[in-house]
Amino acid sequence: MNIPDEWKMDDAQWQALIFKVAELYNNLTIMRGFQYYKQKRVGPLLFSHRQTRHHNNAAIYDHTQNFTRDLTQAESNESGTITAEVQGTEAYTVVLYIEALSTSRCTCPVNTPCKHMAAVLMSYAEQQGRPVPALVNAHATTSLKQAAKSVVTASSGRAYSFDSTSDHGQSFEDKNAVDGRQYSEIREQAAALAGMSIPEWHELFRDSLRRLGTGTATTAYIQEASDELYAIKPKLPAAMEQLFELHVLLYLMRYCIPPARNSITNTPVYLSYPAQLAVDALQKRLEALLLQPLDCSGLQGVTLEQFWARLVETAGYLRTEMLTETANMMFFTPVYTKLWLNWIVTQPQGNSDLLETELATLDSIEQDAVQQAKEQELNGQRQVKKVILPLPLVLAQGWMHYHLKQDTAAWQKLVHGSTAYGIPPEQLLYFLHTLVDAAEWTRLAEWLVQLGPMLTNRRNTPLQDYMQLWDLTIQHVPEAEHRMWDTLVSMLPHSRPAYEEAMHSRGQWRRWIDFQLSTGTEPLEFRVAVLQPIEKEAPELLLPFYHQAVERYVGHKNRDGYKAAVKLLKRLSKIYKKLKHDEQWEHFITTLAVRNSRLRALQEELRKGKLIP
Ligand SMILES: [Zn+2]
């Protein structure tokens with residue numbers, strides 16, 4: 001986002017803002033503000049010009065006191081304002097004095113700090129690249145820090161300091177003082193992390209977090225826990241460092257999500273609101289992490305071997321975690337997919353051998369599931385018509401085939417899906433977008449042909465995204481265009497709006513008219529704007545379309561029908577004129593009038609429309 005330079009916050013100012021928000025806004029206002037923010041009700045932020053940057057910083061944020069004082073009105077005017085419109089019951093205008101928050105204004109009837117202001121603050125935090133959940137949890141964070149502070153002062157620095165500004169070395173000593181030998185053992189163990197298996201990593205994480213006690217899953221807890229885990233991290237090669245971060249995030253995500261359920265029973269996962277925020281933040285970090293390429297520089301010999309062992313174990317860990325996930329609640333499945341896509345197959349070691357091995361593992365999981373279902377049926381426990389495979393399993397098999405360039409096998413997996421509803425459209429589109437990223441246009445055309453009909457398994461799938469992918473493909477592979485038309489036809493009637501739009505936007509008038517004729521559409525149902533370009537560019541194509549409709553309307557033998565017929569006849573007369581076929585028109589209209597001379601109401605309408613004298 002484009003925040004003016006003089007508006008950039010440093011860490012101290014950000015902390016100060018969190019404290020100020022906790023002080024001024026009650027929890028309910030913050031939650032409502034958050035909803036508004038999430039619903040994108042906040043318009044663009046307008047930043048006033050600021051004279052001095054970090055204007056008397058020390059006075060605003062006092063490290064020893066940990067809270068802020070308000071500036072005088074004169075000072076706040078100088079420190080600048082943020083103005084934004086918020087769409088509430090009506091549009092309200094908010095003016096924030098960022099360094100004198102309590103003097104901020106909103107045009108809504110509430111006279112105290114309101115949800116509109118809170119929403120603007122969150123939008124501001126987002127533009128600053130700061131985590132919005134920190135503002136939402138302002139009360140929890142603040143009381144936690146205050147509590148920690150008082151403990152620290154009371155026991156002369158023996159308790160773990162939550163103060164992020166405190167010196168790291170110091171806090172290690174504090175921890176040692178509390179947990180003594182145990183903690184030093186954990187750190188000693190952690191030094192050998194690279195040689196330990198992934199389950200051992202997670203065990204070590206669990207042990208080192210014991211010191212925090214059982215915290216509820218919140219953004220604040222996750223932050224503390226993450227700091228704690230990083231405190232035991234030894235120096236690692238770059239790629240191993242990336243893997244360490246991945247596991248810190250995965251471990252904490254597992255912590256926030258209730259234990260695995262059976263995917264067959266489809267028990268929905270319930271996350272408390274704070275846990276949901278924490279998971280959102282973790283997912284964002286996971287996504288960002290996996291977008292960074294692996295930095296394998298400096299890995300060789302033993303370190304390289306160790307790294308690959310850990311990476312393969314990671315894939316195994318994710319496989320186990322994801323198998324119980326359902327379509328609506330996928331946390332580990334996307335991580336598994338991205339791990340393979342961005343970190344494994346991009347490396348020389350991520351070759352077909354490794355992919356085949358993974359595929360074999362997945363296939364044996366499938367066989368076990370099928371076997372189990374059959375046994376249940378034999379025992380008469382339940383009737384099994386079709387074995388329902390976990391969606392993450394089917395997707396993973398699809399991706400392995402994809403990476404192995406076994407496209408036909410991938411489509412087969414996807415077509416059979418895991419339930420009667422088929423694969424969720426966003427999962428199918430993920431394959432297609434991956435092909436776009438890889439610029440594999442010819443292959444993409446084939447995937448578009450195959451996956452198109454699968455998208456119609458679900459009602460109301462928006463096809464815009466799918467059609468844009470066709471546009472892109474045809475730009476690169478023009479000869480694929482006829483495949484698009486065939487595919488769209490095979491997807492009818494579901495694809496009708498997309499099909500019509502494609503024909504229209506490509507000026508495929510003959511195809512468009514033929515389609516309307518074959519489906520018996522009424523010309524009067526179209527907006528004028530739809531027919532205009534055709535009347536201009538290919539008027540002759542409209543003749544059969546209009547003539548057929550006129551016949552139908554007259555056949556209704558009622559006033560409304562005649563009126564509709566006259567409306568179209570007027571358009572027809574214009575087209576004949578445009579084509580310079582005036583004589584033919586005269587012949588036609590006269591014949592029509594004569595043939596229907598006994599329909600007096602029609603005669604009236606024709607005269608009213610000045611089509612006959
Ligand atoms: Zn307001």
# chains A, B, ... in the order shown; residues from 1 in each chain; ligands from 1

$ residues_near_ligand --ligand "ligand 1" --cutoff "9 Å" --atoms "only C-alpha atoms and all ligand atoms" --output "PDB file with N, CA and C atoms, in the first residue's frame"
ATOM      1  N   VAL A  86     -16.569   5.300   6.213  1.00  0.00           N
ATOM      2  CA  VAL A  86     -16.927   3.937   6.592  1.00  0.00           C
ATOM      3  C   VAL A  86     -18.405   3.744   6.298  1.00  0.00           C
ATOM      4  N   GLY A  88     -21.510   2.402   7.216  1.00  0.00           N
ATOM      5  CA  GLY A  88     -22.286   1.784   8.294  1.00  0.00           C
ATOM      6  C   GLY A  88     -23.734   1.749   7.868  1.00  0.00           C
ATOM      7  N   TYR A  92     -20.350   7.157   7.093  1.00  0.00           N
ATOM      8  CA  TYR A  92     -19.826   8.062   8.105  1.00  0.00           C
ATOM      9  C   TYR A  92     -18.391   8.432   7.779  1.00  0.00           C
ATOM     10  N   THR A  93     -18.017   9.634   8.169  1.00  0.00           N
ATOM     11  CA  THR A  93     -16.646  10.070   7.940  1.00  0.00           C
ATOM     12  C   THR A  93     -15.886  10.045   9.263  1.00  0.00           C
ATOM     13  N   VAL A  94     -14.741   9.390   9.247  1.00  0.00           N
ATOM     14  CA  VAL A  94     -13.901   9.280  10.436  1.00  0.00           C
ATOM     15  C   VAL A  94     -12.641  10.112  10.224  1.00  0.00           C
ATOM     16  N   ARG A 105     -12.539  11.946  15.535  1.00  0.00           N
ATOM     17  CA  ARG A 105     -13.969  12.227  15.360  1.00  0.00           C
ATOM     18  C   ARG A 105     -14.612  11.261  14.367  1.00  0.00           C
ATOM     19  N   CYS A 106     -15.921  11.094  14.550  1.00  0.00           N
ATOM     20  CA  CYS A 106     -16.695  10.321  13.579  1.00  0.00           C
ATOM     21  C   CYS A 106     -18.047  10.999  13.462  1.00  0.00           C
ATOM     22  N   THR A 107     -18.647  10.981  12.260  1.00  0.00           N
ATOM     23  CA  THR A 107     -19.922  11.675  12.069  1.00  0.00           C
ATOM     24  C   THR A 107     -21.111  10.843  12.529  1.00  0.00           C
ATOM     25  N   CYS A 108     -20.874   9.642  13.067  1.00  0.00           N
ATOM     26  CA  CYS A 108     -21.987   8.811  13.531  1.00  0.00           C
ATOM     27  C   CYS A 108     -22.523   9.352  14.862  1.00  0.00           C
ATOM     28  N   PRO A 109     -23.719   8.877  15.279  1.00  0.00           N
ATOM     29  CA  PRO A 109     -24.325   9.436  16.502  1.00  0.00           C
ATOM     30  C   PRO A 109     -23.571   9.090  17.795  1.00  0.00           C
ATOM     31  N   VAL A 110     -22.768   8.027  17.773  1.00  0.00           N
ATOM     32  CA  VAL A 110     -22.034   7.660  18.984  1.00  0.00           C
ATOM     33  C   VAL A 110     -20.987   8.736  19.263  1.00  0.00           C
ATOM     34  N   ASN A 111     -20.940   9.187  20.507  1.00  0.00           N
ATOM     35  CA  ASN A 111     -19.978  10.249  20.768  1.00  0.00           C
ATOM     36  C   ASN A 111     -18.642   9.762  21.310  1.00  0.00           C
ATOM     37  N   THR A 112     -18.634   8.488  21.717  1.00  0.00           N
ATOM     38  CA  THR A 112     -17.400   7.911  22.257  1.00  0.00           C
ATOM     39  C   THR A 112     -16.648   7.202  21.124  1.00  0.00           C
ATOM     40  N   PRO A 113     -15.445   6.734  21.396  1.00  0.00           N
ATOM     41  CA  PRO A 113     -14.720   5.987  20.359  1.00  0.00           C
ATOM     42  C   PRO A 113     -15.593   4.867  19.803  1.00  0.00           C
ATOM     43  N   CYS A 114     -15.817   4.839  18.482  1.00  0.00           N
ATOM     44  CA  CYS A 114     -16.831   3.955  17.907  1.00  0.00           C
ATOM     45  C   CYS A 114     -16.198   2.906  16.998  1.00  0.00           C
ATOM     46  N   LYS A 115     -17.088   1.988  16.567  1.00  0.00           N
ATOM     47  CA  LYS A 115     -16.610   0.885  15.724  1.00  0.00           C
ATOM     48  C   LYS A 115     -16.080   1.395  14.381  1.00  0.00           C
ATOM     49  N   HIS A 116     -16.587   2.527  13.913  1.00  0.00           N
ATOM     50  CA  HIS A 116     -16.104   3.052  12.627  1.00  0.00           C
ATOM     51  C   HIS A 116     -14.640   3.451  12.734  1.00  0.00           C
ATOM     52  N   MET A 117     -14.327   4.112  13.876  1.00  0.00           N
ATOM     53  CA  MET A 117     -12.931   4.498  14.108  1.00  0.00           C
ATOM     54  C   MET A 117     -12.059   3.252  14.217  1.00  0.00           C
ATOM     55  N   ALA A 118     -12.578   2.259  14.965  1.00  0.00           N
ATOM     56  CA  ALA A 118     -11.801   1.026  15.147  1.00  0.00           C
ATOM     57  C   ALA A 118     -11.522   0.368  13.800  1.00  0.00           C
TER      58      ALA A 118
END

$ select_by_dssp --residues "range 269-485 of chain A" --states "helix (DSSP H, G or I)" --output "VMD selection string"
chain A and resid 273 to 291 301 to 322 332 to 344 352 to 378 391 to 403 407 to 416 425 to 437 441 to 455 464 to 476 478 to 485

$ residues_around --residues "range 189-204 of chain A" --least-positions-apart "4" --cutoff "7 Å" --atoms "only C-alpha atoms" --output "tab-separated table (two decimals) with N, CA and C atoms, in the first residue's frame"
chain	number	residue	atom	x	y	z
A	185	GLU	N	18.88	-28.91	29.35
A	185	GLU	CA	18.85	-30.19	28.63
A	185	GLU	C	18.16	-30.03	27.28
A	208	SER	N	9.64	-27.93	25.33
A	208	SER	CA	10.13	-26.58	25.61
A	208	SER	C	8.97	-25.62	25.86
A	232	ILE	N	15.25	-21.89	21.35
A	232	ILE	CA	16.06	-23.12	21.43
A	232	ILE	C	16.69	-23.46	20.08
A	233	LYS	N	16.40	-22.69	19.06
A	233	LYS	CA	16.90	-23.02	17.72
A	233	LYS	C	18.42	-22.84	17.65
A	234	PRO	N	19.14	-23.89	17.26
A	234	PRO	CA	20.58	-23.72	17.07
A	234	PRO	C	20.85	-23.05	15.73
A	251	TYR	N	3.46	-26.80	14.09
A	251	TYR	CA	3.23	-27.25	15.47
A	251	TYR	C	2.18	-26.36	16.14
A	306	GLN	N	20.84	-34.98	5.57
A	306	GLN	CA	19.96	-34.71	6.71
A	306	GLN	C	18.78	-33.86	6.27
A	310	ARG	N	14.76	-34.86	6.48
A	310	ARG	CA	13.77	-34.07	7.22
A	310	ARG	C	12.64	-33.60	6.30
A	313	GLU	N	10.35	-36.48	5.62
A	313	GLU	CA	9.56	-36.73	6.83
A	313	GLU	C	8.45	-35.68	6.98
A	314	THR	N	8.78	-34.46	6.59
A	314	THR	CA	7.79	-33.38	6.66
A	314	THR	C	6.59	-33.70	5.77

$ atom_distance --atom1 "CA of Thr519 in chain A" --atom2 "CA of Leu569 in chain A"
21.3 Å

$ residues_around --residues "range 533-537 of chain A" --least-positions-apart "3" --cutoff "9 Å" --atoms "only C-alpha atoms" --output "list of chain:residue names"
A:Gly507, A:Trp509, A:Ala529, A:Val530, A:Glu540, A:Leu541, A:Leu542, A:Ile575

$ atom_distance --atom1 "CA of Asp5 in chain A" --atom2 "CA of Ile18 in chain A"
20.9 Å

$ residues_around --residues "Ala138 in chain A" --least-positions-apart "2" --cutoff "7 Å" --atoms "only C-alpha atoms" --output "JSON, numbers by chain"
{"A": [18, 19, 21, 22, 134, 135, 136, 140, 141, 142]}

$ atom_distance --atom1 "CA of Thr473 in chain A" --atom2 "CA of Trp485 in chain A"
13.2 Å

$ closest_residue --among "A:Gln464, A:Thr333, A:Gln450, A:Gln406" --to "Ala498 in chain A" --atoms "only C-alpha atoms"
A:Gln464
